[in-house]
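S.K.: Here you go, structure-v9.pdb (PDB, C-alpha atoms):
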```pdb
ATOM      1  CA  MET A   1     223.534 307.221  66.006
ATOM      2  CA  LYS A   2     226.137 304.606  65.133
ATOM      3  CA  VAL A   3     224.582 301.485  63.612
ATOM      4  CA  GLN A   4     225.178 297.976  64.938
ATOM      5  CA  THR A   5     227.974 295.849  63.514
ATOM      6  CA  PHE A   6     225.637 293.593  61.519
ATOM      7  CA  ARG A   7     224.107 296.679  59.904
ATOM      8  CA  GLU A   8     227.566 297.843  58.814
ATOM      9  CA  SER A   9     227.922 294.498  57.002
ATOM     10  CA  ASP A  10     224.465 295.023  55.490
ATOM     11  CA  GLN A  11     225.588 298.401  54.195
ATOM     12  CA  GLU A  12     228.637 296.941  52.472
ATOM     13  CA  ILE A  13     226.391 294.462  50.661
ATOM     14  CA  VAL A  14     223.993 297.208  49.560
ATOM     15  CA  ARG A  15     226.940 299.162  48.176
ATOM     16  CA  ALA A  16     228.191 296.070  46.326
ATOM     17  CA  PHE A  17     224.735 295.474  44.848
ATOM     18  CA  ILE A  18     224.477 299.083  43.680
ATOM     19  CA  ARG A  19     227.960 298.913  42.141
ATOM     20  CA  ARG A  20     227.141 295.767  40.219
ATOM     21  CA  ARG A  21     223.929 297.083  38.753
ATOM     22  CA  THR A  22     225.703 300.212  37.541
ATOM     23  CA  GLU A  23     227.900 297.857  35.514
ATOM     24  CA  THR A  24     225.281 295.270  34.491
ATOM     25  CA  ALA A  25     221.589 295.499  33.673
ATOM     26  CA  LEU A  26     220.094 293.340  36.424
ATOM     27  CA  GLY A  27     216.635 291.816  36.245
ATOM     28  CA  GLU A  28     216.538 290.323  32.764
ATOM     29  CA  THR A  29     217.906 287.076  34.213
ATOM     30  CA  ARG A  30     216.351 286.268  37.583
ATOM     31  CA  LEU A  31     217.733 284.086  40.324
ATOM     32  CA  ARG A  32     216.818 280.459  39.713
ATOM     33  CA  PHE A  33     214.274 279.714  42.435
ATOM     34  CA  GLY A  34     213.311 276.102  43.094
ATOM     35  CA  TRP A  35     212.267 273.661  45.789
ATOM     36  CA  SER A  36     213.978 270.798  47.609
ATOM     37  CA  ASN A  37     211.274 268.143  47.687
ATOM     38  CA  TRP A  38     212.442 265.692  50.345
ATOM     39  CA  GLY A  39     210.511 267.698  52.944
ATOM     40  CA  PHE A  40     207.341 266.592  51.150
ATOM     41  CA  GLY A  41     207.851 263.118  52.627
ATOM     42  CA  ILE A  42     206.528 260.099  50.734
ATOM     43  CA  GLU A  43     204.214 262.131  48.541
ATOM     44  CA  PRO A  44     204.159 260.872  44.921
ATOM     45  CA  LEU A  45     206.374 262.971  42.675
ATOM     46  CA  GLN A  46     203.487 263.839  40.369
ATOM     47  CA  HIS A  47     201.624 265.486  43.250
ATOM     48  CA  SER A  48     204.694 267.485  44.255
ATOM     49  CA  ALA A  49     205.343 268.545  40.661
ATOM     50  CA  ALA A  50     201.748 269.670  40.211
ATOM     51  CA  ARG A  51     201.994 271.824  43.345
ATOM     52  CA  LEU A  52     205.231 273.450  42.203
ATOM     53  CA  GLU A  53     203.708 274.135  38.791
ATOM     54  CA  ARG A  54     200.660 275.800  40.391
ATOM     55  CA  HIS A  55     202.963 278.210  42.171
ATOM     56  CA  GLY A  56     205.147 278.940  39.169
ATOM     57  CA  ILE A  57     208.223 277.058  40.415
ATOM     58  CA  ARG A  58     210.284 275.680  37.544
ATOM     59  CA  TRP A  59     213.193 274.001  39.337
ATOM     60  CA  ILE A  60     213.268 271.029  41.701
ATOM     61  CA  GLU A  61     216.016 269.596  43.864
ATOM     62  CA  LEU A  62     215.228 265.915  44.129
ATOM     63  CA  HIS A  63     215.370 263.777  47.239
ATOM     64  CA  GLY A  64     218.352 261.450  46.926
ATOM     65  CA  ASN A  65     216.281 258.375  47.684
ATOM     66  CA  LEU A  66     218.193 255.644  45.824
ATOM     67  CA  TYR A  67     219.061 253.899  49.077
ATOM     68  CA  GLY A  68     219.598 250.497  47.492
ATOM     69  CA  SER A  69     218.728 248.251  44.598
ATOM     70  CA  GLY A  70     215.078 248.721  43.643
ATOM     71  CA  LEU A  71     214.561 251.694  45.960
ATOM     72  CA  GLY A  72     213.889 255.268  44.950
ATOM     73  CA  TYR A  73     213.263 257.213  41.771
ATOM     74  CA  ARG A  74     213.637 255.877  38.238
ATOM     75  CA  ALA A  75     215.159 258.386  35.848
ATOM     76  CA  ASP A  76     212.767 257.781  32.947
ATOM     77  CA  GLU A  77     209.694 258.177  35.157
ATOM     78  CA  VAL A  78     211.117 261.302  36.823
ATOM     79  CA  GLU A  79     211.775 262.896  33.450
ATOM     80  CA  ARG A  80     208.269 262.108  32.234
ATOM     81  CA  VAL A  81     206.529 263.471  35.347
ATOM     82  CA  LEU A  82     208.566 266.658  35.518
ATOM     83  CA  SER A  83     208.271 267.279  31.788
ATOM     84  CA  ASP A  84     204.484 267.095  32.087
ATOM     85  CA  HIS A  85     204.650 269.998  34.557
ATOM     86  CA  GLY A  86     207.377 272.089  32.907
ATOM     87  CA  ILE A  87     209.886 271.503  35.712
ATOM     88  CA  SER A  88     213.634 270.911  35.420
ATOM     89  CA  VAL A  89     216.019 269.294  37.911
ATOM     90  CA  SER A  90     218.589 271.595  39.488
ATOM     91  CA  GLY A  91     220.296 268.829  41.427
ATOM     92  CA  VAL A  92     219.914 266.084  43.991
ATOM     93  CA  CYS A  93     219.974 266.408  47.778
ATOM     94  CA  GLY A  94     222.143 263.621  49.161
ATOM     95  CA  MET A  95     220.818 262.190  52.406
ATOM     96  CA  VAL A  96     223.524 261.337  54.931
ATOM     97  CA  SER A  97     222.482 259.183  57.871
ATOM     98  CA  PRO A  98     224.262 257.175  60.606
ATOM     99  CA  GLU A  99     223.835 254.096  58.363
ATOM    100  CA  SER A 100     225.628 255.723  55.394
ATOM    101  CA  GLU A 101     228.014 258.613  55.970
ATOM    102  CA  LEU A 102     231.442 259.775  54.882
ATOM    103  CA  ALA A 103     232.856 260.601  58.327
ATOM    104  CA  HIS A 104     231.771 257.451  60.167
ATOM    105  CA  ILE A 105     234.335 255.478  62.103
ATOM    106  CA  SER A 106     233.062 252.185  60.616
ATOM    107  CA  PRO A 107     234.475 251.192  57.200
ATOM    108  CA  VAL A 108     231.246 249.292  56.501
ATOM    109  CA  VAL A 109     229.211 252.481  56.905
ATOM    110  CA  ARG A 110     231.658 254.456  54.753
ATOM    111  CA  SER A 111     231.478 251.769  52.070
ATOM    112  CA  ARG A 112     227.705 252.215  51.932
ATOM    113  CA  ALA A 113     228.228 255.952  51.506
ATOM    114  CA  ILE A 114     230.609 255.416  48.578
ATOM    115  CA  ASP A 115     228.073 253.189  46.835
ATOM    116  CA  TYR A 116     225.297 255.683  47.586
ATOM    117  CA  PHE A 117     227.149 258.591  46.003
ATOM    118  CA  ARG A 118     228.175 256.600  42.960
ATOM    119  CA  ARG A 119     224.521 255.651  42.348
ATOM    120  CA  HIS A 120     223.382 259.221  42.765
ATOM    121  CA  ALA A 121     226.042 260.740  40.546
ATOM    122  CA  GLU A 122     224.749 258.537  37.735
ATOM    123  CA  PHE A 123     221.121 259.335  38.560
ATOM    124  CA  THR A 124     221.728 263.092  38.796
ATOM    125  CA  ALA A 125     223.187 263.116  35.296
ATOM    126  CA  ALA A 126     220.368 260.939  33.957
ATOM    127  CA  VAL A 127     217.695 263.426  35.068
ATOM    128  CA  GLY A 128     219.630 266.487  33.900
ATOM    129  CA  GLY A 129     220.733 267.748  37.317
ATOM    130  CA  GLU A 130     223.835 269.878  37.711
ATOM    131  CA  TYR A 131     224.868 269.082  41.287
ATOM    132  CA  LEU A 132     224.764 266.467  44.033
ATOM    133  CA  LEU A 133     224.968 267.971  47.520
ATOM    134  CA  PHE A 134     225.764 266.298  50.828
ATOM    135  CA  GLY A 135     226.957 266.790  54.372
ATOM    136  CA  ALA A 136     230.282 265.381  55.500
ATOM    137  CA  GLY A 137     228.694 263.764  58.547
ATOM    138  CA  SER A 138     225.325 262.381  59.463
ATOM    139  CA  VAL A 139     222.360 264.602  60.207
ATOM    140  CA  GLY A 140     221.188 263.650  63.685
ATOM    141  CA  ARG A 141     224.651 262.723  65.020
ATOM    142  CA  PRO A 142     226.034 265.937  66.536
ATOM    143  CA  THR A 143     228.680 264.275  68.735
ATOM    144  CA  PRO A 144     231.948 263.469  66.911
ATOM    145  CA  PHE A 145     233.589 260.065  67.100
ATOM    146  CA  ASP A 146     237.063 261.636  67.276
ATOM    147  CA  ASP A 147     239.172 264.513  65.969
ATOM    148  CA  PHE A 148     239.801 262.853  62.595
ATOM    149  CA  GLU A 149     236.304 263.094  61.123
ATOM    150  CA  MET A 150     236.995 265.680  58.440
ATOM    151  CA  GLU A 151     240.074 263.860  57.174
ATOM    152  CA  ARG A 152     238.199 260.559  57.174
ATOM    153  CA  ALA A 153     235.258 262.116  55.319
ATOM    154  CA  ALA A 154     237.622 263.581  52.716
ATOM    155  CA  GLU A 155     239.375 260.255  52.175
ATOM    156  CA  THR A 156     236.045 258.490  51.757
ATOM    157  CA  LEU A 157     234.627 261.092  49.399
ATOM    158  CA  LEU A 158     237.710 260.884  47.200
ATOM    159  CA  LEU A 159     236.892 257.219  46.542
ATOM    160  CA  ALA A 160     233.543 258.262  45.047
ATOM    161  CA  ALA A 161     234.662 261.478  43.359
ATOM    162  CA  ASP A 162     235.614 259.944  40.001
ATOM    163  CA  ALA A 163     231.959 258.954  39.550
ATOM    164  CA  PHE A 164     231.044 262.644  39.730
ATOM    165  CA  THR A 165     233.546 263.394  36.978
ATOM    166  CA  GLU A 166     232.423 260.436  34.881
ATOM    167  CA  HIS A 167     228.830 261.710  34.876
ATOM    168  CA  GLY A 168     229.584 265.428  34.700
ATOM    169  CA  VAL A 169     228.067 266.192  38.108
ATOM    170  CA  LYS A 170     229.309 268.842  40.536
ATOM    171  CA  GLY A 171     229.782 267.818  44.149
ATOM    172  CA  ALA A 172     228.703 270.423  46.732
ATOM    173  CA  ILE A 173     229.478 270.081  50.444
ATOM    174  CA  GLU A 174     226.859 271.486  52.821
ATOM    175  CA  PRO A 175     227.893 272.973  56.174
ATOM    176  CA  ILE A 176     225.358 271.870  58.789
ATOM    177  CA  ARG A 177     224.787 273.466  62.186
ATOM    178  CA  PRO A 178     226.432 271.814  65.233
ATOM    179  CA  GLU A 179     223.076 270.857  66.772
ATOM    180  CA  GLU A 180     222.581 268.424  63.879
ATOM    181  CA  CYS A 181     226.004 267.372  62.632
ATOM    182  CA  SER A 182     229.455 266.645  64.066
ATOM    183  CA  VAL A 183     231.712 267.879  61.248
ATOM    184  CA  VAL A 184     231.829 270.655  58.593
ATOM    185  CA  ARG A 185     229.631 273.244  60.229
ATOM    186  CA  THR A 186     230.823 276.405  58.479
ATOM    187  CA  PHE A 187     231.743 277.553  54.987
ATOM    188  CA  ALA A 188     235.377 277.722  56.115
ATOM    189  CA  ASP A 189     235.132 274.058  57.159
ATOM    190  CA  ALA A 190     233.672 273.160  53.768
ATOM    191  CA  GLU A 191     236.461 274.956  51.947
ATOM    192  CA  ARG A 192     239.023 273.138  54.058
ATOM    193  CA  MET A 193     237.432 269.792  53.177
ATOM    194  CA  ILE A 194     237.415 270.729  49.483
ATOM    195  CA  GLY A 195     241.152 271.277  49.800
ATOM    196  CA  LEU A 196     241.627 267.917  51.512
ATOM    197  CA  VAL A 197     239.669 266.065  48.814
ATOM    198  CA  ASP A 198     241.560 267.959  46.096
ATOM    199  CA  HIS A 199     239.412 266.684  43.232
ATOM    200  CA  PRO A 200     238.056 268.755  40.320
ATOM    201  CA  ALA A 201     234.501 267.429  40.755
ATOM    202  CA  ILE A 202     234.326 268.405  44.453
ATOM    203  CA  GLN A 203     234.785 272.162  44.343
ATOM    204  CA  TRP A 204     231.485 273.649  45.479
ATOM    205  CA  ILE A 205     229.506 274.529  48.589
ATOM    206  CA  ASN A 206     225.798 274.137  49.236
ATOM    207  CA  GLY A 207     224.651 276.850  51.612
ATOM    208  CA  ASP A 208     221.632 276.763  53.908
ATOM    209  CA  LEU A 209     220.294 279.959  55.463
ATOM    210  CA  TYR A 210     219.161 278.200  58.632
ATOM    211  CA  HIS A 211     222.538 276.553  59.224
ATOM    212  CA  MET A 212     224.300 279.805  58.356
ATOM    213  CA  LEU A 213     222.497 281.511  61.241
ATOM    214  CA  SER A 214     224.487 279.234  63.565
ATOM    215  CA  GLY A 215     227.767 278.895  61.696
ATOM    216  CA  GLU A 216     228.430 282.246  60.048
ATOM    217  CA  GLN A 217     228.916 285.709  61.489
ATOM    218  CA  HIS A 218     226.828 287.334  58.747
ATOM    219  CA  ILE A 219     224.883 285.520  56.022
ATOM    220  CA  GLY A 220     225.315 288.187  53.357
ATOM    221  CA  THR A 221     229.037 288.614  53.994
ATOM    222  CA  THR A 222     229.518 284.864  53.728
ATOM    223  CA  ILE A 223     227.729 284.826  50.366
ATOM    224  CA  MET A 224     230.020 287.614  49.194
ATOM    225  CA  GLU A 225     233.153 285.837  50.413
ATOM    226  CA  TYR A 226     232.318 282.377  49.069
ATOM    227  CA  GLY A 227     230.135 283.367  46.131
ATOM    228  CA  GLN A 228     232.317 281.651  43.549
ATOM    229  CA  ARG A 229     232.017 278.324  45.372
ATOM    230  CA  LEU A 230     228.316 278.626  46.213
ATOM    231  CA  LEU A 231     226.266 276.465  43.849
ATOM    232  CA  ASN A 232     222.955 276.103  45.665
ATOM    233  CA  LEU A 233     221.398 277.913  48.602
ATOM    234  CA  HIS A 234     218.679 276.338  50.738
ATOM    235  CA  LEU A 235     216.058 278.856  51.773
ATOM    236  CA  ALA A 236     214.061 279.090  54.999
ATOM    237  CA  ASP A 237     213.338 281.872  57.441
ATOM    238  CA  THR A 238     214.920 282.180  60.893
ATOM    239  CA  ASN A 239     212.330 279.790  62.332
ATOM    240  CA  ARG A 240     213.078 277.267  59.528
ATOM    241  CA  ARG A 241     209.614 277.834  58.174
ATOM    242  CA  ALA A 242     208.271 279.727  55.152
ATOM    243  CA  LEU A 243     210.108 282.799  53.940
ATOM    244  CA  GLY A 244     208.370 285.827  55.373
ATOM    245  CA  SER A 245     207.348 284.109  58.605
ATOM    246  CA  GLY A 246     210.462 284.939  60.633
ATOM    247  CA  LEU A 247     213.076 287.663  61.110
ATOM    248  CA  LEU A 248     215.348 287.034  58.122
ATOM    249  CA  ASP A 249     216.464 290.072  56.114
ATOM    250  CA  LEU A 250     215.772 288.392  52.791
ATOM    251  CA  ASP A 251     216.584 291.604  50.930
ATOM    252  CA  ILE A 252     220.228 291.367  52.030
ATOM    253  CA  VAL A 253     220.388 287.748  50.894
ATOM    254  CA  ILE A 254     219.008 288.650  47.471
ATOM    255  CA  MET A 255     221.310 291.659  47.077
ATOM    256  CA  ALA A 256     224.355 289.583  48.055
ATOM    257  CA  LEU A 257     223.430 286.915  45.495
ATOM    258  CA  TYR A 258     223.081 289.469  42.715
ATOM    259  CA  ALA A 259     226.271 291.222  43.821
ATOM    260  CA  VAL A 260     228.288 288.038  43.162
ATOM    261  CA  GLY A 261     226.557 287.279  39.851
ATOM    262  CA  TYR A 262     224.679 284.287  41.231
ATOM    263  CA  GLU A 263     221.806 284.638  38.772
ATOM    264  CA  THR A 264     224.118 283.344  36.031
ATOM    265  CA  ARG A 265     225.306 280.135  37.716
ATOM    266  CA  GLY A 266     223.546 279.125  40.937
ATOM    267  CA  TYR A 267     220.243 277.959  42.381
ATOM    268  CA  ALA A 268     218.108 278.995  45.347
ATOM    269  CA  SER A 269     216.099 276.006  46.607
ATOM    270  CA  ALA A 270     213.458 276.459  49.286
ATOM    271  CA  GLU A 271     213.770 273.965  52.156
ATOM    272  CA  PRO A 272     211.541 275.096  55.065
ATOM    273  CA  LEU A 273     211.611 272.025  57.298
ATOM    274  CA  GLY A 274     210.495 273.361  60.666
ATOM    275  CA  ALA A 275     212.459 273.444  63.907
ATOM    276  CA  GLY A 276     214.106 270.416  65.505
ATOM    277  CA  GLY A 277     217.396 268.587  65.817
ATOM    278  CA  ASN A 278     216.755 265.890  63.209
ATOM    279  CA  PRO A 279     214.562 266.997  60.297
ATOM    280  CA  TYR A 280     215.022 263.629  58.560
ATOM    281  CA  ASP A 281     212.043 262.257  60.470
ATOM    282  CA  ALA A 282     209.597 263.889  58.060
ATOM    283  CA  MET A 283     210.998 262.411  54.872
ATOM    284  CA  ASN A 284     209.462 258.982  55.447
ATOM    285  CA  LEU A 285     206.029 260.220  56.530
ATOM    286  CA  PRO A 286     202.915 261.151  54.543
ATOM    287  CA  PRO A 287     202.801 264.903  53.872
ATOM    288  CA  LYS A 288     200.499 267.311  55.666
ATOM    289  CA  VAL A 289     199.139 268.641  52.403
ATOM    290  CA  GLU A 290     197.485 271.836  53.646
ATOM    291  CA  GLN A 291     200.579 272.879  55.594
ATOM    292  CA  ILE A 292     202.858 272.170  52.638
ATOM    293  CA  GLU A 293     200.575 274.070  50.276
ATOM    294  CA  ASP A 294     200.798 277.100  52.546
ATOM    295  CA  LEU A 295     204.600 276.732  52.854
ATOM    296  CA  VAL A 296     205.009 276.728  49.090
ATOM    297  CA  ARG A 297     202.546 279.557  48.462
ATOM    298  CA  THR A 298     203.979 281.824  51.153
ATOM    299  CA  THR A 299     207.612 281.140  50.326
ATOM    300  CA  ALA A 300     207.226 281.552  46.570
ATOM    301  CA  THR A 301     205.207 284.762  46.941
ATOM    302  CA  THR A 302     207.641 286.243  49.456
ATOM    303  CA  TRP A 303     210.684 285.406  47.334
ATOM    304  CA  ARG A 304     209.252 286.939  44.185
ATOM    305  CA  ASP A 305     207.901 290.034  45.968
ATOM    306  CA  ARG A 306     211.227 290.787  47.656
ATOM    307  CA  GLU A 307     213.279 290.092  44.526
ATOM    308  CA  GLN A 308     211.062 292.462  42.548
ATOM    309  CA  ALA A 309     211.206 295.085  45.302
ATOM    310  CA  ILE A 310     215.022 295.008  45.349
ATOM    311  CA  LEU A 311     215.399 295.113  41.589
ATOM    312  CA  GLY A 312     212.850 297.912  41.330
ATOM    313  CA  ALA A 313     214.230 300.066  44.153
ATOM    314  CA  THR A 314     216.294 303.121  43.293
ATOM    315  CA  ASP A 315     219.782 303.649  44.697
ATOM    316  CA  GLU A 316     218.374 306.430  46.839
ATOM    317  CA  GLU A 317     215.658 304.171  48.283
ATOM    318  CA  LEU A 318     218.162 301.447  49.158
ATOM    319  CA  SER A 319     220.573 303.975  50.648
ATOM    320  CA  ARG A 320     217.846 305.505  52.776
ATOM    321  CA  ASN A 321     216.511 302.153  53.936
ATOM    322  CA  TYR A 322     219.967 300.976  55.056
ATOM    323  CA  GLN A 323     221.146 304.383  56.323
ATOM    324  CA  LEU A 324     224.019 304.717  53.857
ATOM    325  CA  GLU A 325     225.961 307.933  54.079
ATOM    326  CA  GLY A 326     226.912 309.938  50.996
TER     327      GLY A 326
END
```
Would you write out, as structure tokens, the structure that this file holds?
M.R.:
Amino acid sequence: MKVQTFRESDQEIVRAFIRRRTETALGETRLRFGWSNWGFGIEPLQHSAARLERHGIRWIELHGNLYGSGLGYRADEVERVLSDHGISVSGVCGMVSPESELAHISPVVRSRAIDYFRRHAEFTAAVGGEYLLFGAGSVGRPTPFDDFEMERAAETLLLAADAFTEHGVKGAIEPIRPEECSVVRTFADAERMIGLVDHPAIQWINGDLYHMLSGEQHIGTTIMEYGQRLLNLHLADTNRRALGSGLLDLDIVIMALYAVGYETRGYASAEPLGAGGNPYDAMNLPPKVEQIEDLVRTTATTWRDREQAILGATDEELSRNYQLEG
């Protein structure tokens, strides 16, 4: 029986994974698995760090919460807390709202966004992070102002981009699904915006599995196509909850990442936020500790189990599982 089109794409990724591991001994260096902590709400960082340590997670993507003078993290305190728990910063998740966004029609709002990104470029470097990610438009504003949003976002971002260079921070644009955001919804959109900005510090893409379900034809194929630009990948299952709780073929994601050599240069940051059109609501609320504990436990266990299963599978097992011929 002929397989479905998506399965043909799966098969190409399996073949690419098998080819790469015939050339390189995979498994000695694992994919860098971490957690994006803004979904923990207003929980103290020391509590979040202790939870990640309990579950063997060694990387954290910090909430970009420096919203103004006197607000948000302090670099020296962050370094002390994370050091106590053996955790390093992968990067910072920039939060883009209707009050501070690159694509907004108001110059006052765009000016706030410029200041925000300059502050966070400095902070990211101070805590040892590699990247600062962001959407081009606001989360929670899915209706565009006009047809010029991407160009306006690029022009605004360029005004902040030198701060990224000054502090040695990589800027990564995140495509966000159309139900949440009005502009840059696909990897192709992100690459177009990178070209419009045309700045050496803004050359990367932050992927998100949940958004990719809406914006991309096939998650694994997109990873293969844009693997050299991909710097961080947000992880959640098809229901935007813990890995292993939905219908995601996580094995294909893992094989695609290894096929492009992602273990040497990128991060995979869990971000299971739950369904809804505006997930920002949770970031200013106290955490539901038991639910979060289960999210972290289930996601971390699932990730490690599937990564080990893929790395330990023989070529014959993978070929049989994905119905490869010959």
S.K.: Per residue of range 145-249 of chain A within 7 Å of range 128-131 of chain A, which atom pair is closest and at what distance in Å (one decimal), using all atoms listed in the file, listed by chain and increasing number, as a Markdown table?
M.R.:
```
| residue | atom | partner | partner_atom | distance |
| --- | --- | --- | --- | --- |
| A:Val169 | CA | A:Tyr131 | CA | 5.4 |
| A:Lys170 | CA | A:Tyr131 | CA | 4.5 |
| A:Gly171 | CA | A:Tyr131 | CA | 5.8 |
| A:Ala172 | CA | A:Tyr131 | CA | 6.8 |
```
S.K.: Could you list the residues chosen by the PyMOL selection byres ((chain A and resi 31) around 12) in this structure as a ChimeraX atom specification?
M.R.: /A:26-30,32-34,57-59,231-233,253-269,303-304,306-308,311
S.K.: Could you please take those selected residues and save C-alpha atoms as a short mmCIF file (atom, residue, chain, number, x, y, z; two decimals), in the coordinates of the input?
M.R.:
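Resulting contents of selection_38.cif:
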```cif
data_model
loop_
_atom_site.label_atom_id
_atom_site.label_comp_id
_atom_site.auth_asym_id
_atom_site.auth_seq_id
_atom_site.Cartn_x
_atom_site.Cartn_y
_atom_site.Cartn_z
CA LEU A 26 220.09 293.34 36.42
CA GLY A 27 216.64 291.82 36.24
CA GLU A 28 216.54 290.32 32.76
CA THR A 29 217.91 287.08 34.21
CA ARG A 30 216.35 286.27 37.58
CA ARG A 32 216.82 280.46 39.71
CA PHE A 33 214.27 279.71 42.44
CA GLY A 34 213.31 276.10 43.09
CA ILE A 57 208.22 277.06 40.42
CA ARG A 58 210.28 275.68 37.54
CA TRP A 59 213.19 274.00 39.34
CA LEU A 231 226.27 276.46 43.85
CA ASN A 232 222.96 276.10 45.66
CA LEU A 233 221.40 277.91 48.60
CA VAL A 253 220.39 287.75 50.89
CA ILE A 254 219.01 288.65 47.47
CA MET A 255 221.31 291.66 47.08
CA ALA A 256 224.36 289.58 48.06
CA LEU A 257 223.43 286.92 45.50
CA TYR A 258 223.08 289.47 42.72
CA ALA A 259 226.27 291.22 43.82
CA VAL A 260 228.29 288.04 43.16
CA GLY A 261 226.56 287.28 39.85
CA TYR A 262 224.68 284.29 41.23
CA GLU A 263 221.81 284.64 38.77
CA THR A 264 224.12 283.34 36.03
CA ARG A 265 225.31 280.14 37.72
CA GLY A 266 223.55 279.12 40.94
CA TYR A 267 220.24 277.96 42.38
CA ALA A 268 218.11 279.00 45.35
CA SER A 269 216.10 276.01 46.61
CA TRP A 303 210.68 285.41 47.33
CA ARG A 304 209.25 286.94 44.18
CA ARG A 306 211.23 290.79 47.66
CA GLU A 307 213.28 290.09 44.53
CA GLN A 308 211.06 292.46 42.55
CA LEU A 311 215.40 295.11 41.59
#
```
S.K.: Can you tell me how far CA of Tyr116 in chain A sits from CA of Ala153 in chain A, in Å to one decimal?
M.R.: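 Distance reported for this atom pair: 14.2 Å.
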S.K.: Could you check the closest approach to Ser88 in chain A for each of A:Ser214, A:Thr156, A:Thr124, A:Thr302 and tell me which residue wins, using only C-alpha atoms?
M.R.: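 Residue with the minimum atom-to-atom distance to Ser88 in chain A: A:Thr124.
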S.K.: So, with only C-alpha atoms as the atoms that count, which of A:Ser138, A:Ala50, A:Val127, A:Thr301 lies closest to Ala113 in chain A?
M.R.: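 For Ala113 in chain A, the nearest of the given residues is A:Ser138.
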S.K.: Which residues, protein or nucleic acid, reach to within 12 Å of (214.7, 259.0, 37.3) in the file's coordinates when using all atoms listed in the file, and can you give that as JSON, numbers by chain?
M.R.: {"A": [45, 62, 63, 64, 65, 66, 71, 72, 73, 74, 75, 76, 77, 78, 79, 80, 81, 82, 83, 89, 92, 119, 120, 121, 122, 123, 124, 125, 126, 127, 128, 129]}
S.K.: Between A:Val14, A:Ile223, A:Ala242, A:Ala161, which is the closest to Glu317 in chain A once you count only C-alpha atoms?
M.R.: A:Val14
S.K.: If the PyMOL selection byres ((chain A and resi 139) around 10) is run on the structure shown, which residues does it catch, given as number ranges by chain?
M.R.: A: 95-98, 101, 135-138, 140-142, 176-183, 277-280
S.K.: Between A:Thr298, A:Ser90, A:Gln291, A:Gln323, which has the minimum distance to His55 in chain A (counting only C-alpha atoms)?
M.R.: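 Between A:Thr298, A:Ser90, A:Gln291, A:Gln323, the residue approaching His55 in chain A most closely is A:Thr298.
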S.K.: Starting from the shown file, work through the PyMOL selection byres ((chain A and resi 292) around 10) and note down what comes out as a ChimeraX atom specification.
M.R.: /A:39-40,48,51,242,272-273,287-291,293-298
S.K.: CA of Leu196 in chain A to CA of Gly168 in chain A: how many Å, to one decimal?
M.R.: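 If I compute the distance from CA of Leu196 in chain A to CA of Gly168 in chain A, I get 20.8 Å.
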S.K.: Using all atoms of range 24-35 of chain A listed in the file and a margin of 5 Å per side, can you give the axis-aligned box centre and edge lengths in Å to one decimal, as JSON?
M.R.:
```
{"center_x": 218.8, "center_y": 284.6, "center_z": 39.3, "size_x": 23.0, "size_y": 31.8, "size_z": 23.0}
```
S.K.: Could you tell me how far CA of Thr314 in chain A sits from CA of Arg19 in chain A, in Å to one decimal place?
M.R.: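 Between CA of Arg19 in chain A and CA of Thr314 in chain A the gap is 12.5 Å.
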S.K.: List as a list in words the protein and nucleic acid residues near Leu230 in chain A, meaning an atom at most 7 Å away when only C-alpha atoms are counted, but skip any in the same chain fewer than 3 places from it.
M.R.: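 Surrounding residues, per the criterion: Trp204, Ile205, Asn206, Gly207, Tyr226 and Gly227 of chain A.
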S.K.: For Met212 in chain A, work out the shell of residues within 9 Å, counting all atoms listed in the file and skipping chain neighbours fewer than 6 positions away, then give it as a PyMOL selection string.
M.R.: chain A and resi 175-177+185-187+218-219+222
S.K.: Of the residues A:Leu159, A:Met193, A:Cys93, A:Leu318, which is the one nearest to Ser111 in chain A, using all atoms listed in the file?
M.R.: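 Using all atoms listed in the file, Ser111 in chain A sits closest to A:Leu159.
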S.K.: For a quick check of understanding, using only C-alpha atoms, which of A:Leu285, A:Ile87, A:Val3, A:Ala160 has the smallest distance to Arg118 in chain A?
M.R.: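 Closest to Arg118 in chain A, using only C-alpha atoms: A:Ala160.
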